[in-house]
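Asker: My structure is below; once you've seen it, I'll send some questions.
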Amino acid sequence: MSHRAEAIRHPALETGAGAPLREARLTDRARLGLVLQAAGLLSLLEAAGWRLARGFADARVGADGLLTGVAAVAGRSPTRAQETLSELVADLFGAGGVEGRGEARRALRRLLAQWRGALLPITADAAVE
């Protein structure tokens with residue numbers, strides 16, 4: 001028997017100041033940090049029976065590097081966590097993807113390979129294992 005939470009409180013769900021994700025000037029490590037924050041948020045939402053209202057389309061990043069401005073609604077997501085996170089990676093890194101040098105890009109390439117190779121949906125918890 002599953003129960004859905006009546007409300008969710010999380011810093012990423014607060015309306016916040018900051019730059020839209022696509023406009024923010026971020027290091028690769030900061031981008032990786034946002035992906036990991038997003039996975040944590042998705043995990044919380046899955047456990048509570050909630051989902052993102054519009055994906056990460058309205059997400060922003062504060063001066064402190066934290067994800068904010070995301071909206072959630074009650075109900076299970078029709079989109080798999082790995083698809084949502086892959087879209088976020090594409091938004092953060094642009095058309096060039098995560099090719100290139102650096103620890104953060106290498107880590108993201110490993111995660112993307114796991115997500116693409118999965119035959120079954122991956123929970124948000126398992127997406128960053």
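Numbering starts fresh at 1 for the residues of each chain in the structure tokens, the chains themselves are lettered A, B, ... in the order given, and ligands are numbered from 1 as they appear.
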List every residue of stretch 56-129 of chain A that DSSP, applied to the backbone, labels as strand (DSSP E or B), and write the result as an mmCIF file with all heavy atoms, in the first residue's frame.
Answerer:
```
data_model
loop_
_atom_site.group_PDB
_atom_site.id
_atom_site.type_symbol
_atom_site.label_atom_id
_atom_site.label_comp_id
_atom_site.auth_asym_id
_atom_site.auth_seq_id
_atom_site.Cartn_x
_atom_site.Cartn_y
_atom_site.Cartn_z
ATOM 1 N N PHE A 56 12.689 20.259 -15.697
ATOM 2 C CA PHE A 56 13.577 21.272 -15.140
ATOM 3 C C PHE A 56 13.565 22.530 -16.009
ATOM 4 O O PHE A 56 14.484 23.344 -15.957
ATOM 5 C CB PHE A 56 14.999 20.717 -15.000
ATOM 6 C CG PHE A 56 15.095 19.667 -13.923
ATOM 7 C CD1 PHE A 56 15.106 18.317 -14.249
ATOM 8 C CD2 PHE A 56 15.130 20.030 -12.591
ATOM 9 C CE1 PHE A 56 15.170 17.355 -13.264
ATOM 10 C CE2 PHE A 56 15.188 19.073 -11.588
ATOM 11 C CZ PHE A 56 15.205 17.730 -11.929
ATOM 12 N N ARG A 60 16.412 27.101 -11.895
ATOM 13 C CA ARG A 60 17.415 28.152 -11.805
ATOM 14 C C ARG A 60 18.542 27.663 -10.896
ATOM 15 O O ARG A 60 18.379 26.683 -10.185
ATOM 16 C CB ARG A 60 16.783 29.417 -11.235
ATOM 17 C CG ARG A 60 15.576 29.897 -12.039
ATOM 18 C CD ARG A 60 14.909 31.091 -11.419
ATOM 19 N NE ARG A 60 15.509 32.352 -11.796
ATOM 20 C CZ ARG A 60 15.395 32.941 -12.986
ATOM 21 N NH1 ARG A 60 14.708 32.354 -13.936
ATOM 22 N NH2 ARG A 60 15.968 34.096 -13.228
ATOM 23 N N VAL A 61 19.638 28.361 -10.953
ATOM 24 C CA VAL A 61 20.737 28.048 -10.040
ATOM 25 C C VAL A 61 21.071 29.320 -9.276
ATOM 26 O O VAL A 61 21.270 30.381 -9.859
ATOM 27 C CB VAL A 61 21.962 27.458 -10.770
ATOM 28 C CG1 VAL A 61 22.505 28.387 -11.824
ATOM 29 C CG2 VAL A 61 23.037 27.069 -9.782
ATOM 30 N N LEU A 67 20.186 24.244 -6.774
ATOM 31 C CA LEU A 67 19.059 24.150 -7.693
ATOM 32 C C LEU A 67 17.833 24.765 -7.034
ATOM 33 O O LEU A 67 17.556 24.520 -5.861
ATOM 34 C CB LEU A 67 18.809 22.671 -8.009
ATOM 35 C CG LEU A 67 17.750 22.310 -9.026
ATOM 36 C CD1 LEU A 67 18.146 22.811 -10.408
ATOM 37 C CD2 LEU A 67 17.572 20.798 -9.046
ATOM 38 N N THR A 68 17.071 25.560 -7.775
ATOM 39 C CA THR A 68 15.868 26.184 -7.242
ATOM 40 C C THR A 68 14.889 26.448 -8.383
ATOM 41 O O THR A 68 15.223 26.261 -9.550
ATOM 42 C CB THR A 68 16.222 27.494 -6.487
ATOM 43 O OG1 THR A 68 15.076 27.979 -5.828
ATOM 44 C CG2 THR A 68 16.774 28.541 -7.415
ATOM 45 N N ALA A 72 6.613 20.986 -8.540
ATOM 46 C CA ALA A 72 6.201 19.585 -8.429
ATOM 47 C C ALA A 72 4.693 19.512 -8.213
ATOM 48 O O ALA A 72 4.088 20.431 -7.652
ATOM 49 C CB ALA A 72 6.935 18.906 -7.273
ATOM 50 N N VAL A 73 4.114 18.413 -8.668
ATOM 51 C CA VAL A 73 2.689 18.152 -8.486
ATOM 52 C C VAL A 73 2.514 16.712 -8.021
ATOM 53 O O VAL A 73 3.376 15.860 -8.241
ATOM 54 C CB VAL A 73 1.887 18.392 -9.789
ATOM 55 C CG1 VAL A 73 1.937 19.852 -10.204
ATOM 56 C CG2 VAL A 73 2.403 17.512 -10.919
ATOM 57 N N ALA A 74 1.389 16.456 -7.393
ATOM 58 C CA ALA A 74 1.100 15.100 -6.920
ATOM 59 C C ALA A 74 0.901 14.166 -8.104
ATOM 60 O O ALA A 74 0.383 14.562 -9.152
ATOM 61 C CB ALA A 74 -0.140 15.115 -6.038
#
```
Asker: Give me the residues within 12 Å of A:Glu99 as a ChimeraX atom specification, counting only C-alpha atoms and dropping any in the same chain fewer than 2 places off.
Answerer: /A:28,89-90,93-97,101-110,112
Asker: Give me a file of those residues, with all heavy atoms, as a short mmCIF file (atom, residue, chain, number, x, y, z; two decimals), in the first residue's frame.
Answerer:
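Everything below was put into result_32.cif:
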```cif
data_model
loop_
_atom_site.label_atom_id
_atom_site.label_comp_id
_atom_site.auth_asym_id
_atom_site.auth_seq_id
_atom_site.Cartn_x
_atom_site.Cartn_y
_atom_site.Cartn_z
N ASP A 28 32.16 22.73 -14.91
CA ASP A 28 31.66 21.37 -15.13
C ASP A 28 31.30 20.70 -13.81
O ASP A 28 30.31 19.98 -13.72
CB ASP A 28 32.69 20.52 -15.88
CG ASP A 28 32.83 20.93 -17.33
OD1 ASP A 28 31.98 21.68 -17.84
OD2 ASP A 28 33.80 20.47 -17.97
N VAL A 89 21.10 16.95 -18.30
CA VAL A 89 22.51 16.98 -18.72
C VAL A 89 22.64 17.68 -20.07
O VAL A 89 23.52 18.53 -20.26
CB VAL A 89 23.11 15.55 -18.77
CG1 VAL A 89 24.48 15.55 -19.44
CG2 VAL A 89 23.20 14.97 -17.36
N ALA A 90 21.75 17.36 -21.01
CA ALA A 90 21.78 18.00 -22.33
C ALA A 90 21.56 19.51 -22.21
O ALA A 90 22.23 20.29 -22.89
CB ALA A 90 20.73 17.37 -23.24
N PHE A 93 24.87 21.03 -20.62
CA PHE A 93 26.11 20.96 -21.38
C PHE A 93 25.94 21.35 -22.85
O PHE A 93 26.92 21.45 -23.57
CB PHE A 93 26.72 19.55 -21.27
CG PHE A 93 27.40 19.33 -19.95
CD1 PHE A 93 26.69 18.89 -18.85
CD2 PHE A 93 28.75 19.58 -19.79
CE1 PHE A 93 27.30 18.70 -17.62
CE2 PHE A 93 29.39 19.39 -18.57
CZ PHE A 93 28.66 18.95 -17.49
N GLY A 94 24.72 21.55 -23.29
CA GLY A 94 24.48 21.99 -24.65
C GLY A 94 24.67 20.91 -25.69
O GLY A 94 24.82 19.72 -25.37
N ALA A 95 24.69 21.34 -26.93
CA ALA A 95 24.73 20.43 -28.07
C ALA A 95 25.99 19.57 -28.09
O ALA A 95 25.97 18.45 -28.59
CB ALA A 95 24.61 21.21 -29.37
N GLY A 96 27.09 20.08 -27.56
CA GLY A 96 28.34 19.33 -27.56
C GLY A 96 28.36 18.17 -26.60
O GLY A 96 29.24 17.31 -26.66
N GLY A 97 27.39 18.12 -25.71
CA GLY A 97 27.32 17.03 -24.76
C GLY A 97 28.46 17.07 -23.76
O GLY A 97 29.03 18.12 -23.49
N ARG A 101 37.53 16.71 -21.77
CA ARG A 101 38.34 16.33 -20.62
C ARG A 101 37.71 16.79 -19.32
O ARG A 101 36.87 17.67 -19.30
CB ARG A 101 39.71 16.96 -20.77
CG ARG A 101 40.38 16.57 -22.05
CD ARG A 101 41.66 17.32 -22.20
NE ARG A 101 42.74 16.38 -21.91
CZ ARG A 101 44.00 16.67 -21.98
NH1 ARG A 101 44.38 17.88 -22.30
NH2 ARG A 101 44.90 15.78 -21.72
N GLY A 102 38.19 16.18 -18.25
CA GLY A 102 37.80 16.60 -16.92
C GLY A 102 37.07 15.51 -16.16
O GLY A 102 36.39 14.66 -16.75
N GLU A 103 37.24 15.54 -14.85
CA GLU A 103 36.64 14.53 -13.99
C GLU A 103 35.11 14.56 -14.03
O GLU A 103 34.46 13.52 -14.05
CB GLU A 103 37.11 14.73 -12.54
CG GLU A 103 38.56 14.47 -12.32
CD GLU A 103 39.00 14.81 -10.91
OE1 GLU A 103 38.14 15.12 -10.07
OE2 GLU A 103 40.21 14.75 -10.64
N ALA A 104 34.53 15.75 -14.02
CA ALA A 104 33.07 15.86 -14.01
C ALA A 104 32.48 15.31 -15.30
O ALA A 104 31.50 14.55 -15.27
CB ALA A 104 32.66 17.32 -13.81
N ARG A 105 33.07 15.63 -16.41
CA ARG A 105 32.57 15.12 -17.70
C ARG A 105 32.73 13.60 -17.78
O ARG A 105 31.86 12.90 -18.26
CB ARG A 105 33.29 15.81 -18.86
CG ARG A 105 32.83 17.24 -19.04
CD ARG A 105 33.57 17.96 -20.16
NE ARG A 105 33.12 19.32 -20.26
CZ ARG A 105 32.27 19.76 -21.17
NH1 ARG A 105 31.81 18.96 -22.09
NH2 ARG A 105 31.89 21.03 -21.19
N ARG A 106 33.83 13.10 -17.28
CA ARG A 106 34.07 11.65 -17.27
C ARG A 106 33.01 10.96 -16.40
O ARG A 106 32.44 9.95 -16.79
CB ARG A 106 35.48 11.36 -16.76
CG ARG A 106 35.96 9.95 -16.99
CD ARG A 106 37.46 9.74 -16.73
NE ARG A 106 38.13 10.66 -15.82
CZ ARG A 106 38.91 11.68 -16.22
NH1 ARG A 106 39.09 11.92 -17.50
NH2 ARG A 106 39.50 12.45 -15.33
N ALA A 107 32.73 11.52 -15.23
CA ALA A 107 31.71 10.94 -14.35
C ALA A 107 30.33 10.97 -15.01
O ALA A 107 29.58 9.98 -14.94
CB ALA A 107 31.67 11.71 -13.03
N LEU A 108 30.01 12.06 -15.67
CA LEU A 108 28.71 12.15 -16.34
C LEU A 108 28.62 11.18 -17.52
O LEU A 108 27.56 10.61 -17.76
CB LEU A 108 28.45 13.58 -16.80
CG LEU A 108 27.93 14.49 -15.70
CD1 LEU A 108 27.97 15.95 -16.12
CD2 LEU A 108 26.52 14.10 -15.30
N ARG A 109 29.71 11.00 -18.24
CA ARG A 109 29.69 10.02 -19.34
C ARG A 109 29.39 8.62 -18.81
O ARG A 109 28.62 7.87 -19.42
CB ARG A 109 31.01 10.03 -20.11
CG ARG A 109 31.13 11.19 -21.07
CD ARG A 109 32.27 11.01 -22.07
NE ARG A 109 33.58 10.91 -21.44
CZ ARG A 109 34.36 11.95 -21.17
NH1 ARG A 109 33.98 13.18 -21.45
NH2 ARG A 109 35.55 11.77 -20.61
N ARG A 110 29.97 8.28 -17.66
CA ARG A 110 29.68 6.96 -17.05
C ARG A 110 28.21 6.84 -16.66
O ARG A 110 27.59 5.81 -16.89
CB ARG A 110 30.57 6.74 -15.83
CG ARG A 110 31.96 6.29 -16.19
CD ARG A 110 32.73 5.83 -14.95
NE ARG A 110 34.04 6.43 -15.03
CZ ARG A 110 34.61 7.18 -14.11
NH1 ARG A 110 34.01 7.41 -12.97
NH2 ARG A 110 35.79 7.69 -14.30
N LEU A 112 25.65 8.54 -17.91
CA LEU A 112 24.83 8.49 -19.13
C LEU A 112 24.87 7.11 -19.77
O LEU A 112 23.85 6.61 -20.25
CB LEU A 112 25.29 9.56 -20.12
CG LEU A 112 24.94 11.00 -19.76
CD1 LEU A 112 25.69 11.98 -20.65
CD2 LEU A 112 23.44 11.23 -19.84
#
```
Asker: Using atom CA of A:Ala38 and atom CA of A:Thr79 as the two end points, give the distance in Å to one decimal.
Answerer: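 Here the two named atoms are 14.3 Å from each other.
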Asker: Using 8 Å as the limit and counting only C-alpha atoms, can you tabulate each residue of stretch 70-119 of chain A that touches stretch 46-49 of chain A, with its shortest atom-to-atom distance in Å and the two atoms involved, as JSON lines?
Answerer:
```
{"residue": "A:Ala74", "atom": "CA", "partner": "A:Gly49", "partner_atom": "CA", "distance": 6.4}
{"residue": "A:Gly75", "atom": "CA", "partner": "A:Gly49", "partner_atom": "CA", "distance": 5.5}
{"residue": "A:Arg76", "atom": "CA", "partner": "A:Gly49", "partner_atom": "CA", "distance": 5.6}
{"residue": "A:Ser77", "atom": "CA", "partner": "A:Glu46", "partner_atom": "CA", "distance": 8.0}
```
Asker: Atoms to include: N, CA, C and O atoms. Write the selected residues as a PDB file, in the first residue's frame.
Answerer:
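Final output, part27.pdb:
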```pdb
ATOM      1  N   ALA A  74       1.389  16.456  -7.393  1.00  0.00           N
ATOM      2  CA  ALA A  74       1.100  15.100  -6.920  1.00  0.00           C
ATOM      3  C   ALA A  74       0.901  14.166  -8.104  1.00  0.00           C
ATOM      4  O   ALA A  74       0.383  14.562  -9.152  1.00  0.00           O
ATOM      5  N   GLY A  75       1.344  12.926  -7.948  1.00  0.00           N
ATOM      6  CA  GLY A  75       1.174  11.907  -8.979  1.00  0.00           C
ATOM      7  C   GLY A  75       2.498  11.349  -9.453  1.00  0.00           C
ATOM      8  O   GLY A  75       3.541  11.987  -9.329  1.00  0.00           O
ATOM      9  N   ARG A  76       2.440  10.147  -9.963  1.00  0.00           N
ATOM     10  CA  ARG A  76       3.640   9.475 -10.473  1.00  0.00           C
ATOM     11  C   ARG A  76       4.042  10.048 -11.826  1.00  0.00           C
ATOM     12  O   ARG A  76       3.198  10.404 -12.639  1.00  0.00           O
ATOM     13  N   SER A  77       5.316  10.077 -12.066  1.00  0.00           N
ATOM     14  CA  SER A  77       5.831  10.603 -13.328  1.00  0.00           C
ATOM     15  C   SER A  77       5.705   9.570 -14.436  1.00  0.00           C
ATOM     16  O   SER A  77       6.046   8.400 -14.245  1.00  0.00           O
TER      17      SER A  77
END
```
Asker: Find the residues near A:Leu13: any atom within 6 Å, counting only C-alpha atoms, skip ones fewer than 2 places away on the same chain, and give them as a ChimeraX atom specification.
Answerer: /A:10-11,68-71
Asker: Next, dump the selected residues to file, keeping only all heavy atoms, as a short mmCIF file (atom, residue, chain, number, x, y, z; two decimals), in the first residue's frame.
Answerer:
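Once written, result.cif looks like this:
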```
data_model
loop_
_atom_site.label_atom_id
_atom_site.label_comp_id
_atom_site.auth_asym_id
_atom_site.auth_seq_id
_atom_site.Cartn_x
_atom_site.Cartn_y
_atom_site.Cartn_z
N HIS A 10 11.22 21.26 -0.14
CA HIS A 10 12.60 21.01 -0.56
C HIS A 10 13.14 22.33 -1.10
O HIS A 10 12.40 23.07 -1.76
CB HIS A 10 12.63 19.93 -1.65
CG HIS A 10 13.99 19.46 -2.00
ND1 HIS A 10 14.81 20.17 -2.85
CD2 HIS A 10 14.68 18.36 -1.63
CE1 HIS A 10 15.96 19.52 -2.98
NE2 HIS A 10 15.91 18.43 -2.25
N PRO A 11 14.39 22.67 -0.83
CA PRO A 11 14.94 23.94 -1.33
C PRO A 11 14.80 24.13 -2.84
O PRO A 11 14.59 25.25 -3.31
CB PRO A 11 16.41 23.89 -0.91
CG PRO A 11 16.47 22.93 0.21
CD PRO A 11 15.36 21.93 -0.02
N THR A 68 17.07 25.56 -7.78
CA THR A 68 15.87 26.18 -7.24
C THR A 68 14.89 26.45 -8.38
O THR A 68 15.22 26.26 -9.55
CB THR A 68 16.22 27.49 -6.49
OG1 THR A 68 15.08 27.98 -5.83
CG2 THR A 68 16.77 28.54 -7.41
N GLY A 69 13.67 26.85 -8.03
CA GLY A 69 12.69 27.22 -9.04
C GLY A 69 11.99 26.08 -9.73
O GLY A 69 11.34 26.26 -10.76
N VAL A 70 12.07 24.88 -9.20
CA VAL A 70 11.45 23.71 -9.80
C VAL A 70 10.05 23.54 -9.20
O VAL A 70 9.85 23.81 -8.02
CB VAL A 70 12.30 22.44 -9.53
CG1 VAL A 70 11.70 21.22 -10.18
CG2 VAL A 70 13.73 22.66 -10.02
N ALA A 71 9.10 23.11 -10.00
CA ALA A 71 7.73 22.90 -9.52
C ALA A 71 7.40 21.42 -9.52
O ALA A 71 7.85 20.66 -10.40
CB ALA A 71 6.74 23.66 -10.41
#
```
Asker: Atom CA of A:Leu45 and atom CA of A:Leu92, how far apart in Å?
Answerer: 21.5 Å
Asker: With distances taken over only C-alpha atoms, which residue among A:Ala81, A:Leu42, A:Ala17, A:Ala57 lies nearest A:Arg116?
Answerer: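 Going through A:Ala81, A:Leu42, A:Ala17, A:Ala57 one by one, the smallest distance to A:Arg116 is for A:Ala81.
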